[in-house]
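First up is the structure itself, then whatever we jot down about it.
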Amino acid sequence: MNPDLHFKIFTLFPGMFEGPFNESLIKKAIDKGILTIDVINFRDYAFSKHQTVDDTPFGGGQGMLLKPEPLIEALEQNTGMGKNDEEEIILLSPQGKRFTQKDALLLSQKKELSIICGHYEGFDERIRDYVTKEYSIGDYVLTGGEIPAMVMVDCISRLVPGVIKEESSFLEDSFYNGLLEYPHYTKPRNFRGKEVPEILLSGHHENIRKWRLKEALRRTLIRRPDLLENRELSKEEIKLLKEIRNEEF
């Protein structure tokens with residue numbers, strides 16, 4: 001059975017991926033054949049006797065850079081080099097586009113995603129010639145691209161049909177529809193004097209829907225107002241936001 005999505009992760013530290021991909025929904029999706037994940041150590045493609053993958057930068061400077069030969073050789077032997085619409089070759093770098101839920105949704109519709117984990121002080125600029133997308137997961141610096149790769153695989157995988165049993169589980173996620181998620185409650189009804197909102201116990205589905213939308217808008221306005229700046233608001237959302245501003249401010 002052909003998987004719906006095939007990940008190929010190019011890294012110098014393959015052992016880092018053993019735990020995350022052998023647990024939870026990712027493991028279940030692999031067992032079902034929905035996903036496949038190959039972790040490729042591109043040190044195995046180094047030409048030198050000592051399998052050297054890094055070297056000092058021309059012009060001087062601190063640290064070491066990834067050499068182009070081992071990585072590009074690994075890509076050429078394991079990918080289609082991004083020559084068809086069903087494949088992306090992704091470089092993880094602080095200079096990349098900020099990875100968002102929208103990016104995850106678009107990538108989840110591909111058949112093959114190759115993800116390159118950078119390391120050291122950076123990489124030879126010529127590596128970029130073989131890349132189709134470049135992403136960063138945030139404005140901070142990590143020791144390498146392995147953890148960002150795990151984040152991306154997890155985020156993208158859960159959008160592939162069949163990975164999550166109920167599609168509605170992710171349709172209401174924060175960021176999926178451009179808003180933060182509304183508050184959730186479960187039993188007990190009263191916890192240390194704090195009650196579940198009465199409307200959630202009413203059984204009135206339309207009133208519950210409106211409450212959830214309003215609370216999602218409230219939470220977004222207070223915590224991430226930037227998300228509302230480029231959102232095309234419906235008449236209902238405009239009305240609810242006016243109510244929220246009167247209540248909060």
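Residue numbers start at 1 in each chain; chains themselves are named A, B, ... in the order of the structure tokens; ligands are numbered from 1 in the order shown.
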Within 12 Å of Ala29 (chain A) using only C-alpha atoms, minus same-chain residues under 2 positions, as JSON, numbers by chain: {"A": [3, 4, 5, 6, 21, 22, 23, 24, 25, 26, 27, 31, 32, 33, 34, 35, 36, 37, 153, 154, 157, 158, 159, 160, 161, 162, 163, 164, 165]}
Shell around Ala149 (chain A) at 8 Å using only C-alpha atoms, local window under 6 positions removed, as a ChimeraX atom specification: /A:9,92,115,117
Among listed residues A:Asp103, A:Pro225, A:Gly122, A:Asn41, nearest Gln62 (chain A) (using only C-alpha atoms): A:Gly122
Computed interatomic separation between CA of Ser114 (chain A) and CA of Lys8 (chain A) (Å): 4.5 Å
Shell of 12 Å around Leu217 (chain A), only C-alpha atoms, local chain residues under 6 positions omitted, as a ChimeraX atom specification: /A:174-175,177-183,210-211,223-228,231,233-234,236-245
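Using only C-alpha atoms, the smallest distance between any of A:Lys28, A:Lys110, A:Arg128, A:Lys83 and Gln95 (chain A) comes from A:Arg128.
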For region 136-146 of chain A: contacts at 7 Å, only C-alpha atoms, fewer than 6 positions along chain excluded, given as an MDAnalysis selection string: chainID A and resid 92:99 117:119
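The space separating CA of Ile30 (chain A) from CA of Ser108 (chain A) comes to 15.0 Å.
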Test item, strand (DSSP E or B) assignment across region 8-197 of chain A, answer as an MDAnalysis selection string: chainID A and resid 8:11 35:41 54:55 65:66 87:98 112:117 122:123 133:136 161 164 190:191 194:195
Could you save the residues just selected, with N, CA and C atoms, as a compact mmCIF listing (two decimals), in the first residue's frame?
# COMPACT_ATOMS: atom_id res chain seq x y z
N LYS A 8 11.09 12.32 4.21
CA LYS A 8 12.50 11.93 4.22
C LYS A 8 13.25 13.04 4.96
N ILE A 9 13.89 12.66 6.05
CA ILE A 9 14.58 13.63 6.88
C ILE A 9 16.08 13.42 6.77
N PHE A 10 16.77 14.46 6.36
CA PHE A 10 18.22 14.40 6.16
C PHE A 10 18.90 15.07 7.36
N THR A 11 19.66 14.28 8.10
CA THR A 11 20.20 14.73 9.38
C THR A 11 21.55 14.09 9.66
N LEU A 35 1.41 7.12 6.65
CA LEU A 35 2.67 7.85 6.59
C LEU A 35 3.85 6.89 6.52
N THR A 36 4.92 7.33 5.88
CA THR A 36 6.21 6.67 6.03
C THR A 36 7.24 7.77 6.33
N ILE A 37 8.20 7.43 7.16
CA ILE A 37 9.25 8.39 7.52
C ILE A 37 10.60 7.69 7.41
N ASP A 38 11.44 8.18 6.51
CA ASP A 38 12.81 7.70 6.39
C ASP A 38 13.74 8.74 6.98
N VAL A 39 14.61 8.33 7.86
CA VAL A 39 15.61 9.23 8.44
C VAL A 39 16.96 8.87 7.83
N ILE A 40 17.54 9.79 7.11
CA ILE A 40 18.74 9.54 6.31
C ILE A 40 19.92 10.33 6.87
N ASN A 41 20.97 9.63 7.24
CA ASN A 41 22.18 10.26 7.75
C ASN A 41 23.05 10.64 6.55
N ASP A 54 31.70 18.96 7.23
CA ASP A 54 31.78 20.39 7.48
C ASP A 54 33.20 20.89 7.22
N ASP A 55 33.32 22.20 7.07
CA ASP A 55 34.64 22.79 6.86
C ASP A 55 34.58 24.26 7.23
N LEU A 65 30.91 25.22 8.53
CA LEU A 65 29.75 25.19 7.63
C LEU A 65 29.56 23.80 7.06
N LEU A 66 28.31 23.42 6.83
CA LEU A 66 28.04 22.16 6.14
C LEU A 66 28.52 22.25 4.70
N GLU A 87 6.31 16.87 -4.77
CA GLU A 87 7.46 16.78 -3.86
C GLU A 87 7.96 18.17 -3.50
N GLU A 88 8.41 18.33 -2.26
CA GLU A 88 9.11 19.54 -1.84
C GLU A 88 10.40 19.14 -1.13
N ILE A 89 11.44 19.91 -1.36
CA ILE A 89 12.69 19.75 -0.61
C ILE A 89 12.83 20.98 0.28
N ILE A 90 12.76 20.75 1.58
CA ILE A 90 12.63 21.82 2.56
C ILE A 90 13.91 21.97 3.36
N LEU A 91 14.40 23.19 3.41
CA LEU A 91 15.57 23.51 4.23
C LEU A 91 15.10 24.24 5.48
N LEU A 92 15.53 23.79 6.65
CA LEU A 92 15.21 24.45 7.90
C LEU A 92 16.32 25.41 8.26
N SER A 93 15.96 26.67 8.42
CA SER A 93 16.97 27.71 8.63
C SER A 93 16.32 28.91 9.30
N PRO A 94 17.07 29.65 10.16
CA PRO A 94 16.52 30.86 10.77
C PRO A 94 16.12 31.91 9.75
N GLN A 95 16.64 31.81 8.52
CA GLN A 95 16.34 32.79 7.48
C GLN A 95 15.09 32.43 6.66
N GLY A 96 14.51 31.26 6.96
CA GLY A 96 13.37 30.81 6.18
C GLY A 96 12.08 31.53 6.53
N LYS A 97 11.06 31.32 5.72
CA LYS A 97 9.72 31.85 5.97
C LYS A 97 9.20 31.27 7.28
N ARG A 98 8.49 32.06 8.06
CA ARG A 98 7.91 31.56 9.30
C ARG A 98 6.87 30.49 8.99
N GLU A 112 5.44 13.71 -1.13
CA GLU A 112 6.76 13.49 -0.56
C GLU A 112 7.37 14.80 -0.08
N LEU A 113 7.82 14.80 1.18
CA LEU A 113 8.47 15.97 1.75
C LEU A 113 9.84 15.56 2.27
N SER A 114 10.87 16.16 1.70
CA SER A 114 12.24 15.94 2.17
C SER A 114 12.64 17.14 3.00
N ILE A 115 13.11 16.89 4.22
CA ILE A 115 13.42 17.96 5.16
C ILE A 115 14.89 17.89 5.54
N ILE A 116 15.61 18.99 5.33
CA ILE A 116 17.04 19.06 5.61
C ILE A 116 17.26 19.74 6.95
N CYS A 117 17.94 19.06 7.85
CA CYS A 117 18.26 19.61 9.17
C CYS A 117 19.65 20.23 9.13
N GLY A 122 26.02 27.06 10.00
CA GLY A 122 25.24 27.27 8.78
C GLY A 122 25.65 26.28 7.72
N PHE A 123 25.45 26.65 6.46
CA PHE A 123 25.73 25.73 5.37
C PHE A 123 26.22 26.51 4.16
N LYS A 133 11.70 24.89 -0.74
CA LYS A 133 11.09 25.70 0.31
C LYS A 133 12.10 25.87 1.44
N GLU A 134 12.01 27.00 2.14
CA GLU A 134 12.88 27.24 3.29
C GLU A 134 12.03 27.79 4.43
N TYR A 135 12.08 27.13 5.59
CA TYR A 135 11.22 27.51 6.71
C TYR A 135 12.01 27.69 7.99
N SER A 136 11.47 28.55 8.86
CA SER A 136 11.90 28.69 10.25
C SER A 136 10.68 28.47 11.12
N PRO A 161 -5.51 13.07 5.87
CA PRO A 161 -6.72 12.30 6.17
C PRO A 161 -6.42 10.93 6.75
N ILE A 164 -5.84 11.69 12.12
CA ILE A 164 -6.74 11.98 13.23
C ILE A 164 -8.11 11.43 12.85
N ASN A 190 -18.17 21.46 38.69
CA ASN A 190 -17.64 22.46 39.63
C ASN A 190 -16.29 21.96 40.13
N PHE A 191 -15.24 22.75 39.88
CA PHE A 191 -13.90 22.40 40.37
C PHE A 191 -13.39 23.52 41.25
N LYS A 194 -15.08 26.78 40.83
CA LYS A 194 -15.15 27.34 39.48
C LYS A 194 -16.07 26.49 38.63
N GLU A 195 -17.16 27.11 38.14
CA GLU A 195 -18.19 26.40 37.41
C GLU A 195 -17.93 26.41 35.90
Helix (DSSP H, G or I) positions in region 11-178 of chain A, given as an MDAnalysis selection string: chainID A and resid 14:17 20:22 24:32 42:45 68:78 101:107 125:130 146:157 168:171
Distance criterion (only C-alpha atoms): nearest to Asp44 (chain A) out of A:Leu75, A:Asp124, A:Gly61, A:Pro20: A:Leu75
Of the listed residues A:Pro197, A:Tyr185, A:Glu76, A:Ile147, that which approaches Phe13 (chain A) most closely, counting only C-alpha atoms: A:Ile147
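Taking only C-alpha atoms into account, Arg126 (chain A) lies nearest to A:Lys67 out of the set A:Arg212, A:Lys235, A:Lys49, A:Lys67.
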Gap from CA of Asp85 (chain A) to CA of Tyr130 (chain A) - Å, one decimal: 14.8 Å
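Each of A:Glu232, A:Met64, A:Lys214, A:Pro70 was checked against Ser48 (chain A) using only C-alpha atoms; the smallest atom-to-atom distance is that of A:Pro70.
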